[in-house]
Amino acid sequence: MRSKVKEMKRDKTIISKLSRSMWSIRTLSRTAALVVGIVMALAWSFAPTSVGAVGHGEEGDSRFGLVVDPIDYRPAVLRLCSVAGIGVAVGTPFTYTIAPVDPTTTLPYPTDPITVLAGSCQFVNGPYPSDPAFPGVGTFNYGTSIVVTQGPSPPNQLSIFPTGIISPTLTGSNPVGTLTVELQYRRGTMTFNQALLPNNRINEIDFINVAEGPPPPLPRPRFDFDGDYVADIVLFRPSNGNWYYHASGTGSARAVHFGQAGDIPVAADFDGDEIADPAVYRNGQWFVLASTAGFSTMNFGLATDIPQAADYDGDGKADFAVYRPSDGTWYVMGSLTGFKAVKFGVSTDIPVAADFDGDGKTDPAVYRNGTWFINGSTAGFSAYKFGLTGDVPVQADYDGDGRADVAVYRGGTWYIMGSTTGFRSAQFGLASDTPVPADYDGDGKTDIGVYRSSNTNWYILNSSQSGDAVGGFSSMQFGSAGDVLMRY
């Protein structure tokens, strides 16, 4: 017995002289006011052993008062750190919770929140008894996986709103272990692959918090006539030359007299004040009633041209533009870059201009019997087979990533290929309805909507009101027989 004690003391002396190394996986994401980056580190920290150091016999570990199969259980220790990044004061409290990935591989985890001050670390109590090397610290089961989640922002911080994610990268020497990061949920999943035996290594997870300013504003939705970042229901009545819109900011109906029978209504922000302006296209002539710049007119186009006003040069102002079916050419008078003509299309194409590559500039594009042809200002030419002959193209940004998605409306069913979220479909509307997609709830995502001329009702599915694919339902009676809709 004395010789065994002497041998263990010698082991203790050797271990205490060993150095410590660390590997980490780092991630960083911009947020509205808090950026959560997760650093996973398995710290090879060697703690002193003792005469009663952890050991397993065939019948289990009597010190724990448990009978534990040495194949199924090896003690592991977890340390949790909260790093004070840029703009976060040392001492700012952050809360965390832990949960096993597979509850059948471990005893139940503690459920109490864990508070860690920015700039500090603490050991986390696991479900198994402590080891003499780390007295008072409950251990975890080596080889199992844990999810660590950071709670809501502290009271003195703004709400978390992730706006970008950088993929994790390994740093340091001889990295080992696994890490899955889900910044949108402020959590990381790791596997305990550093055990107390034989080298007393610990597992560590770090959360890096960085304060930033508020997120950039959402892009101004089309048809926002009252400046509240919400699209307004709007139509043009040729019988009296009036524009009628339902101001979402006040909930009241408003009327503007501007136009006459035969005019094509074109709503866009021509003066760059982020408010949609009433405008009409009349046999090649544009008439604009800008909310800030006032009245203007310009001859640009032919009677048979199709108006396609939008911001083609990225200066925040809608440009006069037309698509000429007779020669398949786009003619644009950029408010910043001036005149240009682009041959892109054939006489039977449907023009579907939108910002498909997310660079803030509208791209010329056409829909031809189920195929989309896009001339991206940054991404260049692309073609997509999505739809059938007779479908109504309804291109818009349905997933809120700043890029227009190819989409069609077919007899009451919407088919959408989100540039970020992928394909989805939704049955909403009748074959006789007219699709009117726009961001009616101001969340930066285009909402599905239809106008039913038989009863002049608008039916809308707001993406922000539900977690499902199509959102919350609303309807409104607005309009009368003979009214003309905008070009959606």
# chains A, B, ... in the order shown; residues from 1 in each chain; ligands from 1
>>> residues_around(residues="range 371-379 of chain A", least_positions_apart="4", cutoff="8 Å", atoms="only C-alpha atoms", output="tab-separated table (two decimals) with C-alpha atoms, in the first residue's frame")
chain	number	residue	atom	x	y	z
A	344	PHE	CA	-32.48	41.31	-73.96
A	355	ASP	CA	-32.85	42.88	-58.28
A	356	PHE	CA	-32.06	39.18	-58.61
A	357	ASP	CA	-28.42	39.38	-57.50
A	359	ASP	CA	-26.56	44.44	-55.41
A	361	LYS	CA	-29.64	47.56	-58.79
A	362	THR	CA	-32.62	46.33	-60.78
A	363	ASP	CA	-31.75	43.73	-63.42
A	364	PRO	CA	-33.43	43.43	-66.84
A	365	ALA	CA	-35.15	40.04	-67.04
A	366	VAL	CA	-37.85	38.27	-69.05
A	367	TYR	CA	-40.14	35.29	-68.54
A	383	ALA	CA	-31.47	31.22	-67.05
A	384	TYR	CA	-33.87	29.16	-64.92
A	385	LYS	CA	-36.57	26.73	-65.89
A	386	PHE	CA	-39.30	27.45	-63.36
A	387	GLY	CA	-42.94	27.55	-64.39
A	388	LEU	CA	-45.22	26.69	-67.28
A	406	VAL	CA	-38.28	33.55	-59.22
>>> residues_around(residues="Val124 in chain A", least_positions_apart="2", cutoff="9 Å", atoms="only C-alpha atoms", output="list in words")
Val77, Leu78, Arg79, Leu80, Ile114, Gln122, Gly126, Val137, Gly138 and Thr139 of chain A
>>> residues_around(residues="Asp273 in chain A", least_positions_apart="6", cutoff="12 Å", atoms="only C-alpha atoms", output="PyMOL selection string")
chain A and resi 220+224-227+290-294+315-318
>>> residues_around(residues="Val436 in chain A", least_positions_apart="4", cutoff="9 Å", atoms="only C-alpha atoms", output="PyMOL selection string")
chain A and resi 394+447-451+458+460+485-488
>>> write_last_selection(atoms="N, CA, C and O atoms", output="PDB file, in the first residue's frame")
ATOM      1  N   VAL A 394     -44.408  36.242 -60.694  1.00  0.00           N
ATOM      2  CA  VAL A 394     -44.606  37.098 -59.509  1.00  0.00           C
ATOM      3  C   VAL A 394     -43.271  37.221 -58.755  1.00  0.00           C
ATOM      4  O   VAL A 394     -43.183  36.946 -57.567  1.00  0.00           O
ATOM      5  N   ASP A 447     -45.024  39.314 -49.082  1.00  0.00           N
ATOM      6  CA  ASP A 447     -46.147  38.481 -48.657  1.00  0.00           C
ATOM      7  C   ASP A 447     -46.996  38.077 -49.849  1.00  0.00           C
ATOM      8  O   ASP A 447     -47.163  38.836 -50.809  1.00  0.00           O
ATOM      9  N   ILE A 448     -47.545  36.889 -49.776  1.00  0.00           N
ATOM     10  CA  ILE A 448     -48.462  36.400 -50.788  1.00  0.00           C
ATOM     11  C   ILE A 448     -49.794  37.147 -50.657  1.00  0.00           C
ATOM     12  O   ILE A 448     -50.308  37.320 -49.552  1.00  0.00           O
ATOM     13  N   GLY A 449     -50.352  37.561 -51.791  1.00  0.00           N
ATOM     14  CA  GLY A 449     -51.634  38.257 -51.764  1.00  0.00           C
ATOM     15  C   GLY A 449     -52.327  38.192 -53.103  1.00  0.00           C
ATOM     16  O   GLY A 449     -51.680  38.079 -54.151  1.00  0.00           O
ATOM     17  N   VAL A 450     -53.661  38.267 -53.082  1.00  0.00           N
ATOM     18  CA  VAL A 450     -54.437  38.276 -54.317  1.00  0.00           C
ATOM     19  C   VAL A 450     -55.535  39.332 -54.220  1.00  0.00           C
ATOM     20  O   VAL A 450     -56.004  39.673 -53.128  1.00  0.00           O
ATOM     21  N   TYR A 451     -55.920  39.853 -55.381  1.00  0.00           N
ATOM     22  CA  TYR A 451     -57.050  40.773 -55.485  1.00  0.00           C
ATOM     23  C   TYR A 451     -58.150  40.074 -56.270  1.00  0.00           C
ATOM     24  O   TYR A 451     -57.908  39.541 -57.359  1.00  0.00           O
ATOM     25  N   TRP A 458     -59.139  42.183 -51.065  1.00  0.00           N
ATOM     26  CA  TRP A 458     -57.722  41.852 -51.023  1.00  0.00           C
ATOM     27  C   TRP A 458     -57.522  40.766 -49.969  1.00  0.00           C
ATOM     28  O   TRP A 458     -57.988  40.909 -48.825  1.00  0.00           O
ATOM     29  N   ILE A 460     -54.527  38.524 -48.069  1.00  0.00           N
ATOM     30  CA  ILE A 460     -53.082  38.593 -47.856  1.00  0.00           C
ATOM     31  C   ILE A 460     -52.651  37.591 -46.790  1.00  0.00           C
ATOM     32  O   ILE A 460     -53.361  37.374 -45.799  1.00  0.00           O
ATOM     33  N   LEU A 485     -54.988  47.782 -61.225  1.00  0.00           N
ATOM     34  CA  LEU A 485     -53.939  47.502 -60.252  1.00  0.00           C
ATOM     35  C   LEU A 485     -52.577  47.969 -60.775  1.00  0.00           C
ATOM     36  O   LEU A 485     -52.384  48.200 -61.959  1.00  0.00           O
ATOM     37  N   MET A 486     -51.620  48.096 -59.832  1.00  0.00           N
ATOM     38  CA  MET A 486     -50.258  48.390 -60.222  1.00  0.00           C
ATOM     39  C   MET A 486     -49.656  47.164 -60.904  1.00  0.00           C
ATOM     40  O   MET A 486     -50.178  46.052 -60.827  1.00  0.00           O
ATOM     41  N   ARG A 487     -48.515  47.350 -61.523  1.00  0.00           N
ATOM     42  CA  ARG A 487     -47.791  46.218 -62.096  1.00  0.00           C
ATOM     43  C   ARG A 487     -46.925  45.612 -61.008  1.00  0.00           C
ATOM     44  O   ARG A 487     -45.927  46.172 -60.592  1.00  0.00           O
ATOM     45  N   TYR A 488     -47.346  44.440 -60.520  1.00  0.00           N
ATOM     46  CA  TYR A 488     -46.625  43.774 -59.458  1.00  0.00           C
ATOM     47  C   TYR A 488     -45.547  42.856 -60.014  1.00  0.00           C
ATOM     48  O   TYR A 488     -44.684  42.409 -59.306  1.00  0.00           O
TER      49      TYR A 488
END
>>> atom_distance(atom1="CA of Asp206 in chain A", atom2="CA of Gly136 in chain A")
21.4 Å
>>> select_by_dssp(residues="range 273-323 of chain A", states="strand (DSSP E or B)", output="list of chain:residue names")
A:Asp277, A:Ala279, A:Val280, A:Tyr281, A:Arg282, A:Gln285, A:Trp286, A:Phe287, A:Val288, A:Leu289, A:Ala290, A:Gly294, A:Phe295, A:Ser296, A:Thr297, A:Met298, A:Asn299, A:Ile306, A:Pro307, A:Ala310, A:Asp319, A:Phe320, A:Ala321, A:Val322, A:Tyr323
>>> write_last_selection(atoms="N, CA and C atoms", output="tab-separated table (two decimals), in the first residue's frame")
chain	number	residue	atom	x	y	z
A	277	ASP	N	-44.13	57.26	-55.25
A	277	ASP	CA	-44.76	58.40	-55.92
A	277	ASP	C	-45.75	57.91	-56.97
A	279	ALA	N	-47.37	57.88	-60.51
A	279	ALA	CA	-46.90	58.26	-61.84
A	279	ALA	C	-47.72	57.49	-62.86
A	280	VAL	N	-47.82	58.04	-64.06
A	280	VAL	CA	-48.54	57.36	-65.13
A	280	VAL	C	-47.71	57.41	-66.40
A	281	TYR	N	-47.91	56.38	-67.23
A	281	TYR	CA	-47.25	56.30	-68.53
A	281	TYR	C	-48.33	56.45	-69.60
A	282	ARG	N	-48.17	57.45	-70.47
A	282	ARG	CA	-49.22	57.77	-71.44
A	282	ARG	C	-48.60	57.90	-72.84
A	285	GLN	N	-45.09	59.02	-72.83
A	285	GLN	CA	-44.77	60.15	-71.95
A	285	GLN	C	-45.02	59.78	-70.49
A	286	TRP	N	-44.09	60.21	-69.64
A	286	TRP	CA	-44.19	59.95	-68.21
A	286	TRP	C	-44.66	61.21	-67.49
A	287	PHE	N	-45.58	61.01	-66.55
A	287	PHE	CA	-46.03	62.08	-65.67
A	287	PHE	C	-45.83	61.59	-64.23
A	288	VAL	N	-45.09	62.37	-63.44
A	288	VAL	CA	-44.73	61.95	-62.09
A	288	VAL	C	-45.15	63.02	-61.09
A	289	LEU	N	-45.78	62.59	-59.99
A	289	LEU	CA	-46.11	63.48	-58.88
A	289	LEU	C	-45.30	63.02	-57.67
A	290	ALA	N	-44.06	63.51	-57.58
A	290	ALA	CA	-43.13	63.06	-56.55
A	290	ALA	C	-43.47	63.69	-55.20
A	294	GLY	N	-42.00	67.02	-56.35
A	294	GLY	CA	-43.17	67.59	-57.01
A	294	GLY	C	-43.40	67.04	-58.41
A	295	PHE	N	-44.12	67.81	-59.23
A	295	PHE	CA	-44.54	67.35	-60.55
A	295	PHE	C	-43.38	67.43	-61.56
A	296	SER	N	-43.33	66.40	-62.44
A	296	SER	CA	-42.39	66.41	-63.56
A	296	SER	C	-42.95	65.56	-64.68
A	297	THR	N	-42.44	65.76	-65.87
A	297	THR	CA	-42.85	64.97	-67.03
A	297	THR	C	-41.65	64.74	-67.93
A	298	MET	N	-41.71	63.63	-68.68
A	298	MET	CA	-40.60	63.31	-69.57
A	298	MET	C	-41.09	62.41	-70.69
A	299	ASN	N	-40.65	62.70	-71.89
A	299	ASN	CA	-40.92	61.84	-73.03
A	299	ASN	C	-39.83	60.77	-73.11
A	306	ILE	N	-43.64	48.80	-72.79
A	306	ILE	CA	-44.13	48.40	-71.47
A	306	ILE	C	-43.28	49.10	-70.42
A	307	PRO	N	-43.87	49.98	-69.59
A	307	PRO	CA	-43.07	50.70	-68.59
A	307	PRO	C	-42.50	49.74	-67.55
A	310	ALA	N	-37.77	51.49	-62.33
A	310	ALA	CA	-37.11	50.90	-61.16
A	310	ALA	C	-35.73	51.53	-61.05
A	319	ASP	N	-35.71	54.92	-62.02
A	319	ASP	CA	-35.35	55.46	-63.33
A	319	ASP	C	-36.47	55.21	-64.33
A	320	PHE	N	-36.61	56.11	-65.29
A	320	PHE	CA	-37.54	55.87	-66.39
A	320	PHE	C	-36.99	54.72	-67.24
A	321	ALA	N	-37.82	53.73	-67.49
A	321	ALA	CA	-37.37	52.59	-68.27
A	321	ALA	C	-38.55	51.93	-68.95
A	322	VAL	N	-38.32	51.38	-70.15
A	322	VAL	CA	-39.36	50.68	-70.88
A	322	VAL	C	-38.76	49.43	-71.53
A	323	TYR	N	-39.61	48.45	-71.73
A	323	TYR	CA	-39.25	47.28	-72.52
A	323	TYR	C	-40.02	47.35	-73.83
>>> atom_distance(atom1="CA of Phe478 in chain A", atom2="CA of Gly272 in chain A")
28.0 Å
>>> residues_around(residues="Ala255 in chain A", least_positions_apart="5", cutoff="7 Å", atoms="only C-alpha atoms", output="short mmCIF file (atom, residue, chain, number, x, y, z; two decimals) with all heavy atoms, in the first residue's frame")
data_model
loop_
_atom_site.label_atom_id
_atom_site.label_comp_id
_atom_site.auth_asym_id
_atom_site.auth_seq_id
_atom_site.Cartn_x
_atom_site.Cartn_y
_atom_site.Cartn_z
N ASN A 242 -58.30 59.05 -60.38
CA ASN A 242 -57.83 59.08 -58.99
C ASN A 242 -57.01 57.84 -58.62
O ASN A 242 -57.30 56.74 -59.10
CB ASN A 242 -59.01 59.18 -58.02
CG ASN A 242 -59.58 60.58 -57.95
OD1 ASN A 242 -58.97 61.54 -58.41
ND2 ASN A 242 -60.76 60.71 -57.36
N TRP A 243 -56.03 58.07 -57.76
CA TRP A 243 -55.32 57.00 -57.08
C TRP A 243 -55.94 56.85 -55.70
O TRP A 243 -56.14 57.83 -54.98
CB TRP A 243 -53.84 57.34 -56.91
CG TRP A 243 -53.03 57.37 -58.17
CD1 TRP A 243 -53.18 58.21 -59.23
CD2 TRP A 243 -51.94 56.51 -58.49
NE1 TRP A 243 -52.25 57.94 -60.20
CE2 TRP A 243 -51.47 56.90 -59.76
CE3 TRP A 243 -51.30 55.47 -57.84
CZ2 TRP A 243 -50.40 56.27 -60.39
CZ3 TRP A 243 -50.24 54.83 -58.45
CH2 TRP A 243 -49.79 55.23 -59.72
N TYR A 244 -56.20 55.61 -55.31
CA TYR A 244 -56.71 55.34 -53.97
C TYR A 244 -55.74 54.36 -53.29
O TYR A 244 -55.37 53.34 -53.87
CB TYR A 244 -58.11 54.72 -54.02
CG TYR A 244 -59.16 55.63 -54.60
CD1 TYR A 244 -59.50 55.56 -55.96
CD2 TYR A 244 -59.81 56.57 -53.81
CE1 TYR A 244 -60.45 56.40 -56.50
CE2 TYR A 244 -60.78 57.41 -54.35
CZ TYR A 244 -61.10 57.33 -55.70
OH TYR A 244 -62.05 58.16 -56.24
N TYR A 245 -55.34 54.71 -52.08
CA TYR A 245 -54.50 53.78 -51.32
C TYR A 245 -54.92 53.79 -49.86
O TYR A 245 -55.42 54.78 -49.33
CB TYR A 245 -53.01 54.08 -51.49
CG TYR A 245 -52.51 55.37 -50.88
CD1 TYR A 245 -51.99 55.40 -49.58
CD2 TYR A 245 -52.51 56.56 -51.62
CE1 TYR A 245 -51.51 56.58 -49.04
CE2 TYR A 245 -52.02 57.73 -51.07
CZ TYR A 245 -51.52 57.74 -49.79
OH TYR A 245 -51.05 58.91 -49.24
#
>>> closest_residue(among="A:Met417, A:Ile275, A:Ile264, A:Leu196", to="Ser130 in chain A", atoms="only C-alpha atoms")
A:Leu196
>>> atom_distance(atom1="CA of Gly314 in chain A", atom2="CA of Ala268 in chain A")
13.9 Å
>>> closest_residue(among="A:Asn203, A:Thr337, A:Asn283, A:Gln427", to="Gly412 in chain A", atoms="only C-alpha atoms")
A:Gln427
>>> closest_residue(among="A:Pro238, A:Gly251, A:Pro132, A:Pro351", to="Ser480 in chain A", atoms="only C-alpha atoms")
A:Pro238
>>> closest_residue(among="A:Asp271, A:Asp305, A:Asp405, A:Asp313", to="Asp327 in chain A", atoms="only C-alpha atoms")
A:Asp305
